[in-house]
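A.B. asks: Below is the file structure.tsv, which contains TSV, C-alpha atoms.
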```tsv
chain	number	residue	atom	x	y	z
A	1	MET	CA	0.00	0.00	0.00
A	2	SER	CA	1.40	3.38	-0.91
A	3	SER	CA	0.56	6.78	0.49
A	4	ALA	CA	0.90	10.23	-1.00
A	5	THR	CA	3.77	12.31	0.29
A	6	GLY	CA	5.30	15.66	-0.51
A	7	PRO	CA	4.03	19.21	-0.50
A	8	GLY	CA	0.78	18.37	-2.31
A	9	ALA	CA	-0.25	15.60	0.09
A	10	ALA	CA	-3.27	16.09	2.31
A	11	ALA	CA	-2.60	16.75	5.98
A	12	PRO	CA	-3.26	13.75	8.22
A	13	GLY	CA	-6.51	13.58	10.13
A	14	LEU	CA	-10.04	14.67	9.30
A	15	ARG	CA	-11.10	18.13	8.21
A	16	GLY	CA	-14.20	19.67	9.64
A	17	PRO	CA	-16.51	22.12	7.89
A	18	GLN	CA	-14.98	25.39	6.73
A	19	LEU	CA	-16.46	28.02	9.01
A	20	PRO	CA	-16.04	31.79	9.04
A	21	ASP	CA	-13.65	33.31	11.56
A	22	PHE	CA	-15.18	33.98	14.96
A	23	PRO	CA	-16.42	37.58	14.50
A	24	TRP	CA	-15.50	39.04	17.88
A	25	ASP	CA	-11.84	38.07	17.46
A	26	SER	CA	-11.61	40.83	14.85
A	27	LEU	CA	-12.42	43.48	17.47
A	28	ALA	CA	-9.08	43.09	19.26
A	29	SER	CA	-7.64	46.42	18.10
A	30	GLN	CA	-10.78	48.39	18.92
A	31	THR	CA	-10.99	46.67	22.29
A	32	GLU	CA	-7.50	47.86	23.19
A	33	THR	CA	-8.34	51.38	22.03
A	34	ALA	CA	-11.49	51.46	24.17
A	35	ARG	CA	-9.62	50.06	27.18
A	36	SER	CA	-7.12	52.89	26.97
A	37	HIS	CA	-9.80	55.47	27.82
A	38	PRO	CA	-8.95	57.18	31.14
A	39	ASP	CA	-12.29	56.12	32.62
A	40	GLY	CA	-12.10	52.57	31.26
A	41	ILE	CA	-13.99	50.68	28.60
A	42	VAL	CA	-17.77	50.61	28.20
A	43	ASN	CA	-18.27	47.27	26.51
A	44	LEU	CA	-21.53	47.27	24.56
A	45	SER	CA	-20.37	44.79	21.93
A	46	VAL	CA	-21.71	41.53	23.37
A	47	GLY	CA	-25.12	40.97	24.92
A	48	THR	CA	-23.88	39.28	28.07
A	49	PRO	CA	-25.83	39.87	31.30
A	50	VAL	CA	-24.13	41.95	34.00
A	51	ASP	CA	-26.79	41.87	36.72
A	52	PRO	CA	-26.83	39.21	39.46
A	53	VAL	CA	-28.56	35.87	39.02
A	54	PRO	CA	-31.80	36.15	41.04
A	55	GLU	CA	-31.48	34.65	44.50
A	56	ASN	CA	-34.36	32.19	44.08
A	57	LEU	CA	-32.70	30.74	40.97
A	58	ARG	CA	-29.39	30.34	42.80
A	59	ARG	CA	-31.18	28.53	45.62
A	60	ALA	CA	-32.83	26.20	43.11
A	61	LEU	CA	-29.46	25.43	41.52
A	62	SER	CA	-27.88	24.43	44.82
A	63	ALA	CA	-30.93	22.56	46.11
A	64	VAL	CA	-30.14	19.47	43.99
A	65	ALA	CA	-26.35	19.78	43.96
A	66	ASP	CA	-26.04	16.57	45.97
A	67	GLN	CA	-27.74	14.35	43.36
A	68	PRO	CA	-25.10	12.06	41.81
A	69	GLY	CA	-27.06	10.36	39.04
A	70	TYR	CA	-27.29	11.17	35.36
A	71	PRO	CA	-29.95	13.76	34.51
A	72	ALA	CA	-32.67	13.11	31.94
A	73	THR	CA	-32.13	14.52	28.45
A	74	HIS	CA	-35.86	15.24	28.38
A	75	GLY	CA	-35.61	17.24	31.60
A	76	THR	CA	-37.71	16.71	34.68
A	77	PRO	CA	-41.50	16.57	34.36
A	78	GLU	CA	-41.63	19.68	36.55
A	79	LEU	CA	-39.42	21.60	34.13
A	80	ARG	CA	-41.51	20.66	31.13
A	81	GLU	CA	-44.74	21.55	32.91
A	82	ALA	CA	-43.26	24.88	34.01
A	83	ALA	CA	-42.26	25.66	30.42
A	84	VAL	CA	-45.77	24.96	29.12
A	85	ALA	CA	-47.33	27.06	31.87
A	86	SER	CA	-44.95	29.95	31.29
A	87	MET	CA	-45.57	29.98	27.54
A	88	GLU	CA	-49.30	30.30	28.18
A	89	ARG	CA	-49.03	32.75	31.06
A	90	ARG	CA	-46.42	35.06	29.52
A	91	TYR	CA	-47.14	34.77	25.79
A	92	GLY	CA	-50.67	33.42	25.37
A	93	VAL	CA	-49.53	30.15	23.79
A	94	SER	CA	-52.03	27.37	24.50
A	95	GLY	CA	-52.15	23.69	23.57
A	96	LEU	CA	-48.51	22.79	24.11
A	97	GLU	CA	-47.76	19.31	25.42
A	98	PRO	CA	-45.26	18.92	28.28
A	99	ASP	CA	-43.72	16.00	26.39
A	100	ALA	CA	-42.99	18.42	23.53
A	101	VAL	CA	-40.51	20.43	25.62
A	102	VAL	CA	-36.78	19.71	25.72
A	103	PRO	CA	-34.23	21.70	27.74
A	104	THR	CA	-31.07	22.78	25.94
A	105	ILE	CA	-27.52	23.72	26.94
A	106	GLY	CA	-28.30	27.36	26.24
A	107	SER	CA	-29.88	28.13	22.88
A	108	LYS	CA	-26.66	28.45	20.87
A	109	GLU	CA	-25.93	24.72	20.80
A	110	LEU	CA	-29.40	24.05	19.45
A	111	VAL	CA	-29.04	26.74	16.80
A	112	ALA	CA	-25.68	25.32	15.72
A	113	TRP	CA	-26.77	21.68	15.58
A	114	LEU	CA	-30.44	21.88	14.59
A	115	PRO	CA	-29.84	21.59	10.81
A	116	THR	CA	-27.73	18.47	11.35
A	117	LEU	CA	-30.22	16.92	13.77
A	118	LEU	CA	-33.06	17.62	11.35
A	119	GLY	CA	-31.23	15.74	8.59
A	120	VAL	CA	-30.37	18.80	6.48
A	121	ARG	CA	-27.77	17.68	3.92
A	122	PRO	CA	-25.43	19.16	1.31
A	123	GLY	CA	-27.54	20.63	-1.48
A	124	ASP	CA	-30.36	21.58	0.88
A	125	ILE	CA	-31.07	25.23	1.71
A	126	VAL	CA	-31.21	26.82	5.15
A	127	ALA	CA	-32.91	30.19	4.88
A	128	ILE	CA	-31.98	32.84	7.43
A	129	PRO	CA	-32.81	36.53	7.88
A	130	GLU	CA	-30.86	39.03	5.79
A	131	LEU	CA	-29.34	40.31	9.05
A	132	ALA	CA	-28.93	37.42	11.42
A	133	TYR	CA	-27.25	35.95	14.46
A	134	PRO	CA	-24.06	34.40	12.98
A	135	THR	CA	-24.72	30.92	14.39
A	136	TYR	CA	-27.64	30.37	11.98
A	137	GLU	CA	-25.12	30.40	9.14
A	138	VAL	CA	-22.60	28.35	11.12
A	139	GLY	CA	-25.19	25.64	11.81
A	140	ALA	CA	-26.03	25.40	8.12
A	141	LYS	CA	-22.35	25.13	7.20
A	142	ILE	CA	-21.77	22.38	9.79
A	143	ALA	CA	-24.48	20.42	7.96
A	144	GLY	CA	-22.94	21.27	4.58
A	145	ALA	CA	-26.06	23.12	3.45
A	146	GLU	CA	-26.41	26.22	1.31
A	147	VAL	CA	-27.34	29.44	3.11
A	148	VAL	CA	-29.85	31.87	1.61
A	149	ARG	CA	-30.40	35.25	3.28
A	150	LEU	CA	-33.95	36.55	3.00
A	151	ALA	CA	-34.79	40.26	2.95
A	152	PRO	CA	-37.81	41.28	5.06
A	153	GLY	CA	-40.93	39.85	3.44
A	154	GLU	CA	-38.99	37.59	1.08
A	155	LEU	CA	-40.19	33.99	1.06
A	156	PRO	CA	-38.02	30.85	1.19
A	157	PRO	CA	-37.10	29.34	-2.17
A	158	ALA	CA	-37.76	25.79	-3.33
A	159	GLY	CA	-35.26	23.41	-1.74
A	160	THR	CA	-35.40	25.10	1.66
A	161	ARG	CA	-35.40	22.53	4.44
A	162	LEU	CA	-35.10	24.88	7.41
A	163	LEU	CA	-36.33	28.45	7.76
A	164	TRP	CA	-35.00	30.49	10.69
A	165	LEU	CA	-37.17	33.30	12.04
A	166	ASN	CA	-35.96	35.69	14.73
A	167	SER	CA	-38.42	38.10	16.29
A	168	PRO	CA	-37.43	40.26	18.09
A	169	SER	CA	-34.37	40.28	15.88
A	170	ASN	CA	-30.75	40.11	16.87
A	171	PRO	CA	-29.22	42.48	15.77
A	172	THR	CA	-31.90	44.90	14.56
A	173	GLY	CA	-34.65	44.64	17.17
A	174	ARG	CA	-37.19	44.32	14.33
A	175	VAL	CA	-40.43	42.62	15.37
A	176	LEU	CA	-42.57	40.49	13.05
A	177	ASP	CA	-46.29	40.79	13.68
A	178	ALA	CA	-48.66	37.82	13.70
A	179	GLN	CA	-49.52	38.20	10.00
A	180	GLN	CA	-45.85	38.30	8.97
A	181	LEU	CA	-45.12	35.23	11.06
A	182	ALA	CA	-48.16	33.45	9.61
A	183	ASP	CA	-47.05	34.26	6.05
A	184	SER	CA	-43.60	32.81	6.80
A	185	VAL	CA	-45.02	29.63	8.32
A	186	ARG	CA	-47.36	29.12	5.39
A	187	ALA	CA	-44.57	29.67	2.85
A	188	ALA	CA	-42.29	27.24	4.69
A	189	ARG	CA	-44.96	24.56	4.69
A	190	GLU	CA	-45.48	25.03	0.97
A	191	VAL	CA	-41.83	24.20	0.24
A	192	GLY	CA	-41.61	21.46	2.89
A	193	ALA	CA	-39.38	23.36	5.32
A	194	VAL	CA	-39.29	23.25	9.09
A	195	VAL	CA	-39.71	26.64	10.79
A	196	ALA	CA	-37.45	27.37	13.75
A	197	SER	CA	-38.28	30.63	15.50
A	198	ASP	CA	-35.60	32.06	17.77
A	199	GLU	CA	-37.60	33.83	20.49
A	200	CYS	CA	-34.82	34.59	22.96
A	201	TYR	CA	-35.87	38.26	23.27
A	202	LEU	CA	-39.63	37.72	23.38
A	203	ALA	CA	-39.94	39.13	26.93
A	204	LEU	CA	-38.28	42.42	25.94
A	205	GLY	CA	-40.78	44.31	23.82
A	206	TRP	CA	-40.48	48.11	24.02
A	207	ASP	CA	-42.46	49.87	21.28
A	208	VAL	CA	-44.53	46.82	20.31
A	209	GLU	CA	-45.52	43.54	21.94
A	210	PRO	CA	-43.74	40.60	20.24
A	211	VAL	CA	-45.72	37.47	19.36
A	212	SER	CA	-44.57	33.86	19.53
A	213	VAL	CA	-44.71	31.79	16.36
A	214	LEU	CA	-46.76	29.32	18.44
A	215	HIS	CA	-49.46	31.89	19.27
A	216	PRO	CA	-52.92	30.98	17.95
A	217	SER	CA	-53.01	34.22	15.94
A	218	VAL	CA	-50.15	32.82	13.82
A	219	SER	CA	-51.33	29.28	13.16
A	220	SER	CA	-53.98	26.87	14.37
A	221	GLU	CA	-51.47	24.02	14.58
A	222	PHE	CA	-47.83	23.46	15.50
A	223	ARG	CA	-47.05	21.19	12.52
A	224	GLY	CA	-43.51	21.78	11.29
A	225	VAL	CA	-42.84	24.60	13.75
A	226	LEU	CA	-40.40	24.92	16.65
A	227	ALA	CA	-39.88	27.80	19.07
A	228	VAL	CA	-36.46	28.26	20.67
A	229	HIS	CA	-36.20	30.00	24.04
A	230	SER	CA	-33.29	31.12	26.18
A	231	LEU	CA	-33.15	32.16	29.82
A	232	SER	CA	-29.86	34.01	29.34
A	233	LYS	CA	-31.51	37.38	28.76
A	234	SER	CA	-34.73	37.35	30.74
A	235	SER	CA	-33.32	35.56	33.82
A	236	ASN	CA	-29.58	36.40	33.66
A	237	LEU	CA	-28.72	32.72	33.24
A	238	ALA	CA	-26.16	33.02	30.43
A	239	GLY	CA	-23.55	31.42	32.67
A	240	TYR	CA	-25.86	28.50	33.47
A	241	ARG	CA	-26.45	27.64	29.77
A	242	ALA	CA	-30.20	27.34	30.09
A	243	GLY	CA	-32.81	27.17	27.36
A	244	PHE	CA	-35.50	24.97	25.82
A	245	PHE	CA	-37.38	24.33	22.62
A	246	THR	CA	-40.97	23.29	22.02
A	247	GLY	CA	-43.63	23.08	19.33
A	248	ASP	CA	-44.51	20.24	16.93
A	249	PRO	CA	-44.64	17.08	19.10
A	250	ASP	CA	-43.43	14.84	16.28
A	251	LEU	CA	-40.43	17.03	15.54
A	252	VAL	CA	-39.58	17.34	19.21
A	253	ARG	CA	-39.82	13.59	19.70
A	254	GLY	CA	-37.36	12.90	16.89
A	255	LEU	CA	-34.92	15.56	18.07
A	256	LEU	CA	-35.11	14.22	21.62
A	257	GLU	CA	-34.09	10.73	20.51
A	258	LEU	CA	-31.06	12.10	18.68
A	259	ARG	CA	-30.09	14.28	21.63
A	260	LYS	CA	-30.23	11.24	23.91
A	261	HIS	CA	-27.74	9.42	21.71
A	262	ALA	CA	-25.50	12.49	21.43
A	263	GLY	CA	-25.40	13.22	25.17
A	264	MET	CA	-26.88	16.71	24.81
A	265	ILE	CA	-27.99	16.82	28.43
A	266	VAL	CA	-28.62	19.84	30.65
A	267	PRO	CA	-27.04	19.31	34.11
A	268	ARG	CA	-29.57	18.47	36.81
A	269	PRO	CA	-28.90	21.59	38.97
A	270	VAL	CA	-29.41	23.78	35.90
A	271	GLN	CA	-32.69	21.99	35.18
A	272	GLU	CA	-33.85	22.97	38.65
A	273	ALA	CA	-32.86	26.59	38.06
A	274	ILE	CA	-34.73	26.58	34.72
A	275	THR	CA	-37.84	25.28	36.47
A	276	ALA	CA	-37.63	28.03	39.08
A	277	ALA	CA	-37.06	30.70	36.43
A	278	LEU	CA	-40.03	29.58	34.35
A	279	SER	CA	-42.25	29.48	37.44
A	280	ASP	CA	-41.52	33.05	38.54
A	281	ASP	CA	-42.44	36.11	36.48
A	282	ALA	CA	-41.44	38.72	39.05
A	283	HIS	CA	-37.70	38.56	38.40
A	284	VAL	CA	-38.33	38.82	34.65
A	285	GLY	CA	-40.23	42.05	35.22
A	286	VAL	CA	-37.46	43.45	37.40
A	287	GLN	CA	-34.83	42.72	34.77
A	288	ARG	CA	-36.99	44.16	32.03
A	289	GLU	CA	-37.25	47.46	33.92
A	290	LEU	CA	-33.47	47.62	34.32
A	291	TYR	CA	-32.99	47.29	30.57
A	292	ALA	CA	-35.78	49.79	29.87
A	293	ALA	CA	-34.07	52.36	32.09
A	294	ARG	CA	-30.71	51.83	30.37
A	295	ARG	CA	-32.34	52.13	26.97
A	296	ALA	CA	-33.96	55.40	28.04
A	297	VAL	CA	-30.50	56.81	28.85
A	298	LEU	CA	-28.53	55.46	25.90
A	299	ARG	CA	-30.90	55.99	22.99
A	300	PRO	CA	-31.31	59.78	23.30
A	301	ALA	CA	-27.57	60.17	23.92
A	302	LEU	CA	-26.83	58.36	20.66
A	303	GLU	CA	-29.40	60.40	18.76
A	304	ALA	CA	-27.98	63.65	20.13
A	305	ALA	CA	-24.55	62.52	18.92
A	306	GLY	CA	-25.81	62.16	15.34
A	307	PHE	CA	-26.89	58.53	15.26
A	308	ARG	CA	-30.13	57.32	13.71
A	309	ILE	CA	-31.74	54.40	15.54
A	310	GLU	CA	-33.58	52.00	13.23
A	311	HIS	CA	-36.05	49.29	14.22
A	312	SER	CA	-34.97	48.48	17.82
A	313	GLN	CA	-38.60	48.03	18.85
A	314	ALA	CA	-37.63	45.17	21.17
A	315	GLY	CA	-34.69	43.18	22.45
A	316	LEU	CA	-31.36	44.06	24.03
A	317	TYR	CA	-29.78	46.14	21.28
A	318	LEU	CA	-29.96	49.45	19.46
A	319	TRP	CA	-29.40	49.21	15.70
A	320	ALA	CA	-27.68	52.48	14.89
A	321	THR	CA	-26.05	54.30	11.99
A	322	ARG	CA	-24.25	57.58	11.31
A	323	GLY	CA	-24.29	56.88	7.58
A	324	ASP	CA	-20.64	55.81	7.69
A	325	ASP	CA	-18.97	52.47	7.09
A	326	ALA	CA	-19.66	50.20	10.07
A	327	TRP	CA	-16.00	49.80	10.98
A	328	GLN	CA	-15.45	53.57	10.85
A	329	THR	CA	-18.25	53.94	13.37
A	330	VAL	CA	-16.76	51.19	15.55
A	331	ASP	CA	-13.45	53.07	15.52
A	332	TRP	CA	-15.13	56.40	16.28
A	333	LEU	CA	-16.84	54.96	19.34
A	334	ALA	CA	-13.73	53.03	20.46
A	335	GLN	CA	-11.83	56.32	20.58
A	336	ARG	CA	-14.40	57.39	23.16
A	337	GLY	CA	-13.95	54.19	25.14
A	338	ILE	CA	-17.15	52.57	23.86
A	339	LEU	CA	-16.94	49.15	22.19
A	340	VAL	CA	-19.75	48.04	19.87
A	341	ALA	CA	-20.23	45.40	17.16
A	342	PRO	CA	-20.13	46.27	13.46
A	343	GLY	CA	-23.28	45.42	11.55
A	344	THR	CA	-21.23	43.33	9.13
A	345	PHE	CA	-21.00	40.62	11.79
A	346	TYR	CA	-24.65	39.88	10.97
A	347	GLY	CA	-24.56	40.06	7.18
A	348	PRO	CA	-23.51	42.29	4.27
A	349	ALA	CA	-26.65	44.43	4.69
A	350	GLY	CA	-25.22	45.71	7.98
A	351	GLU	CA	-22.32	47.52	6.34
A	352	ARG	CA	-23.38	50.97	7.62
A	353	HIS	CA	-24.78	50.02	11.02
A	354	VAL	CA	-23.53	49.03	14.44
A	355	ARG	CA	-25.21	46.95	17.12
A	356	ILE	CA	-25.10	48.56	20.56
A	357	ALA	CA	-26.02	46.40	23.55
A	358	LEU	CA	-27.94	47.52	26.62
A	359	THR	CA	-26.12	44.94	28.72
A	360	ALA	CA	-23.91	47.11	30.88
A	361	SER	CA	-24.33	48.42	34.40
A	362	ASP	CA	-26.20	51.65	35.06
A	363	GLU	CA	-22.88	53.33	35.81
A	364	ARG	CA	-21.30	52.21	32.51
A	365	ILE	CA	-24.38	53.21	30.49
A	366	ALA	CA	-24.28	56.64	32.11
A	367	ALA	CA	-20.55	56.87	31.32
A	368	ALA	CA	-21.23	56.07	27.64
A	369	ALA	CA	-23.97	58.72	27.48
A	370	LYS	CA	-21.63	61.30	28.98
A	371	ARG	CA	-18.84	60.51	26.52
A	372	LEU	CA	-21.24	60.81	23.59
A	373	SER	CA	-22.09	64.35	24.67
A	374	GLU	CA	-18.46	65.51	24.92
```
Would you mind writing the file out in structure tokens?
C.D. replies:
Amino acid sequence: MSSATGPGAAAPGLRGPQLPDFPWDSLASQTETARSHPDGIVNLSVGTPVDPVPENLRRALSAVADQPGYPATHGTPELREAAVASMERRYGVSGLEPDAVVPTIGSKELVAWLPTLLGVRPGDIVAIPELAYPTYEVGAKIAGAEVVRLAPGELPPAGTRLLWLNSPSNPTGRVLDAQQLADSVRAAREVGAVVASDECYLALGWDVEPVSVLHPSVSSEFRGVLAVHSLSKSSNLAGYRAGFFTGDPDLVRGLLELRKHAGMIVPRPVQEAITAALSDDAHVGVQRELYAARRAVLRPALEAAGFRIEHSQAGLYLWATRGDDAWQTVDWLAQRGILVAPGTFYGPAGERHVRIALTASDERIAAAAKRLSE
């Protein structure tokens, strides 16, 4: 048996999918510039929570810390029942089955692996929003699928096997109303695509009230539809990696079986914290008010400094432009000690926008507003 050698030979080992560079690594220079500000950096580039984990959720986490056995991939019955109850209580979604709820290790792992778990293959299309959370594209590339970006109102083409919706949107804060969601679900069904709706920011409506894709005003049935939820934003559980998905019982059942084989299991203490978070609306309201207050400080300061805020009707971000190239705006803000994300992280259509997070302390938000006025 002979083997190829020399400069043209393939490197040993297997090659994974060719993925884009991790976007935030490219902010290193601007991060250093912002850190050099005499009053320190105001980091508004990543939507990571800065407020404490609510005490009742911490108690729930520790309450089962002594349990040595393997947790259930399906989650505890109490968790699944709490998810169903919260979806009805908070968002008016009725008719969900507790068995059609599965906890996830945060929502990002589900987003990244959903195309593969659904059987999306090379040659298939995954349709994502024109401006989108980067992991939608990454998940499609892991599966070897083609990515098609859809402008607002554009329908998925033939060959689409998975359609991602995201309302409220990351990065733009755009909200799809019930009719727009219904049109997307109907179009997906016509081409035989599964709909996955990323609803991580559903609790954070400002100018409008967001609607779940599972709401009865969108569709009378859950066939072919999944809703993805995260507790990172509404409950400050980013560090716990806590989320869940629900919807079409048949789809959920198939995904659950695959997740069992793959060991995609949420740790038992985190399951208990998820249950507590879904059973308590008070802490969600408290956190919402904190973000509303920060938004009320930051938005007018940006507008006074010459920015135009577009969309941003909901969610944790302000989608802003000065009419300049996105990276020029990133540099301009970094010189003032404020770090933001260029819109190009989310797609070519973001070339003149930046995404500005509300996830900083009151003191840091006030510092950013002050710098913008100088």
A.B. asks: So what do you get for atom CA of A:Pro103 versus atom CA of A:Gly75, distance-wise?
C.D. replies: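 Answer for the atom CA of A:Pro103 to atom CA of A:Gly75 separation: 6.1 Å.
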A.B. asks: I'd like the interatomic distance between atom CA of A:Gln328 and atom CA of A:Arg299, to a tenth of an Å.
C.D. replies: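 Result for atom CA of A:Gln328 versus atom CA of A:Arg299: 19.8 Å, one decimal.
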A.B. asks: Name all residues at most 10 Å from stretch 336-344 of chain A (count only C-alpha atoms; drop same-chain ones fewer than 4 positions away) and give them as a PyMOL selection string.
C.D. replies: chain A and resi 23-24+27+30-46+131-132+171-172+319-321+325-332+348-357+364-365+367-369+371-372+374
A.B. asks: Please indicate the distance in Å from atom CA of A:Ala314 to atom CA of A:Asn170, rounded to one decimal place.
C.D. replies: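 Result for atom CA of A:Ala314 versus atom CA of A:Asn170: 9.6 Å, one decimal.
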A.B. asks: Check which residues of stretch 86-162 of chain A sit at most 8 Å from stretch 235-249 of chain A using only C-alpha atoms, and return one row each with the closest pair of atoms and their distance in Å to one decimal, ordered by chain and rising number, as CSV.
C.D. replies:
```
residue,atom,partner,partner_atom,distance
A:Leu96,CA,A:Gly247,CA,6.8
A:Glu97,CA,A:Pro249,CA,7.4
A:Asp99,CA,A:Pro249,CA,7.4
A:Ala100,CA,A:Pro249,CA,4.9
A:Val101,CA,A:Thr246,CA,4.6
A:Val102,CA,A:Phe244,CA,5.4
A:Pro103,CA,A:Phe244,CA,4.0
A:Thr104,CA,A:Gly243,CA,4.9
A:Ile105,CA,A:Arg241,CA,5.0
A:Gly106,CA,A:Arg241,CA,4.0
A:Ser107,CA,A:Gly243,CA,5.4
```
A.B. asks: Rank A:Ser212, A:Gln271, A:Ser230, A:Ser361 by their smallest atom-to-atom distance to A:Leu176, using only C-alpha atoms, and report the top residue only.
C.D. replies: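 Nearest to A:Leu176: A:Ser212.
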A.B. asks: Nearest residue to A:Pro98 out of A:Ile309, A:Val284, A:Val252, A:Ala158, using only C-alpha atoms?
C.D. replies: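 For A:Pro98, the nearest of the given residues is A:Val252.
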